[in-house]
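Have a look at the structure below, then the notes.
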Amino acid sequence: MFGEIHDIPHEFPQYQDAIQRLTHSNQDFQRVYTEYHVLDNEIRDIEQNVEPVSDIYFEKLKKKRVILKDQIYATLQSLQA
């Protein structure tokens with residue numbers, strides 16, 4: 001939704017330590033994490049009308065953000081197994 005915070009530390013506060021550890025030690029996690037945040041910033045700019053785009057493009061970005069968040073969550077979950 002518009003105006004909501006979607007950064008990974010806010011989305012998964014229970015994994016703060018794991019997120020910090022993985023961003024410093026796991027290149028694959030770091031790549032996905034960085035890609036997620038770049039995409040999240042672009043979506044936020046669009047929501048704030050800083051960067052006008054088509055609705056189709058905007059929806060495509062949001063779907064990609066969900067896919068990346070799912071990948072991040074799966075990695076975090078695997079640490080508990």
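Residues are named by chain letter and number: chains run A, B, ... in the order of the structure tokens, numbers start at 1 in each chain, and ligands are numbered from 1 in the order shown.
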Worksheet item: Leaving out region 24-40 of chain A and any residue of its chain fewer than 4 positions from it, which residues lie within 8 Å of it when counting only C-alpha atoms, given as a count of residues only?
Response: 12
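The space separating CA of Val66 (chain A) from CA of Pro13 (chain A) comes to 17.3 Å.
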Worksheet entry | Residue list (helix (DSSP H, G or I), DSSP) for chain A, as a PyMOL selection string | chain A and resi 8-11+13-25+27-47+55-78
Worksheet item: What gap, in Å, lies between CA of Glu4 (chain A) and CA of Val50 (chain A)?
Response: 16.4 Å
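Across the structure, CA of Gln14 (chain A) and CA of Glu47 (chain A) are spaced 27.3 Å apart.
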Show me, as a compact mmCIF listing (two decimals) with N, CA and C atoms, in the first residue's frame, the residues that have an atom within 12 Å of Ile46 (chain A) when counting only C-alpha atoms, minus same-chain residues fewer than 2 positions from it.
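What landed in selection11.txt:
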```txt
# COMPACT_ATOMS: atom_id res chain seq x y z
N PHE A 2 0.26 2.33 -0.43
CA PHE A 2 0.97 3.59 -0.52
C PHE A 2 1.42 4.06 0.86
N GLY A 3 2.66 4.46 0.96
CA GLY A 3 3.19 5.03 2.18
C GLY A 3 3.70 4.03 3.20
N LEU A 39 15.07 -1.55 -5.83
CA LEU A 39 13.72 -1.66 -6.38
C LEU A 39 12.70 -0.99 -5.46
N ASP A 40 12.83 -1.21 -4.16
CA ASP A 40 11.92 -0.59 -3.20
C ASP A 40 12.00 0.93 -3.26
N ASN A 41 13.20 1.46 -3.40
CA ASN A 41 13.36 2.92 -3.53
C ASN A 41 12.70 3.44 -4.80
N GLU A 42 12.84 2.69 -5.89
CA GLU A 42 12.21 3.10 -7.15
C GLU A 42 10.68 3.10 -7.00
N ILE A 43 10.15 2.09 -6.35
CA ILE A 43 8.70 2.02 -6.14
C ILE A 43 8.24 3.17 -5.26
N ARG A 44 8.98 3.48 -4.23
CA ARG A 44 8.63 4.60 -3.36
C ARG A 44 8.63 5.93 -4.13
N GLN A 48 5.37 8.40 -4.76
CA GLN A 48 5.40 9.80 -4.37
C GLN A 48 5.39 10.73 -5.58
N ASN A 49 5.13 10.15 -6.75
CA ASN A 49 5.05 10.89 -8.02
C ASN A 49 6.34 11.61 -8.38
N VAL A 50 7.45 11.10 -7.89
CA VAL A 50 8.75 11.66 -8.26
C VAL A 50 9.11 11.17 -9.66
N GLU A 51 8.70 9.94 -9.95
CA GLU A 51 9.05 9.30 -11.22
C GLU A 51 7.77 8.72 -11.84
N PRO A 52 7.14 9.44 -12.77
CA PRO A 52 5.91 8.93 -13.38
C PRO A 52 6.19 7.77 -14.34
N VAL A 53 5.37 6.71 -14.22
CA VAL A 53 5.50 5.54 -15.08
C VAL A 53 4.10 4.98 -15.37
N SER A 54 4.06 4.03 -16.28
CA SER A 54 2.78 3.39 -16.59
C SER A 54 2.39 2.44 -15.45
N ASP A 55 1.10 2.19 -15.36
CA ASP A 55 0.60 1.27 -14.34
C ASP A 55 1.14 -0.14 -14.53
N TYR A 57 4.06 -1.04 -15.82
CA TYR A 57 5.45 -1.06 -15.35
C TYR A 57 5.49 -1.07 -13.82
N PHE A 58 4.66 -0.25 -13.21
CA PHE A 58 4.62 -0.16 -11.75
C PHE A 58 4.24 -1.50 -11.13
N GLU A 59 3.24 -2.15 -11.67
CA GLU A 59 2.82 -3.46 -11.16
C GLU A 59 3.92 -4.51 -11.35
N LEU A 61 7.14 -3.94 -11.29
CA LEU A 61 8.13 -3.68 -10.24
C LEU A 61 7.68 -4.24 -8.90
N LYS A 62 6.42 -4.04 -8.57
CA LYS A 62 5.92 -4.54 -7.29
C LYS A 62 5.94 -6.06 -7.23
```
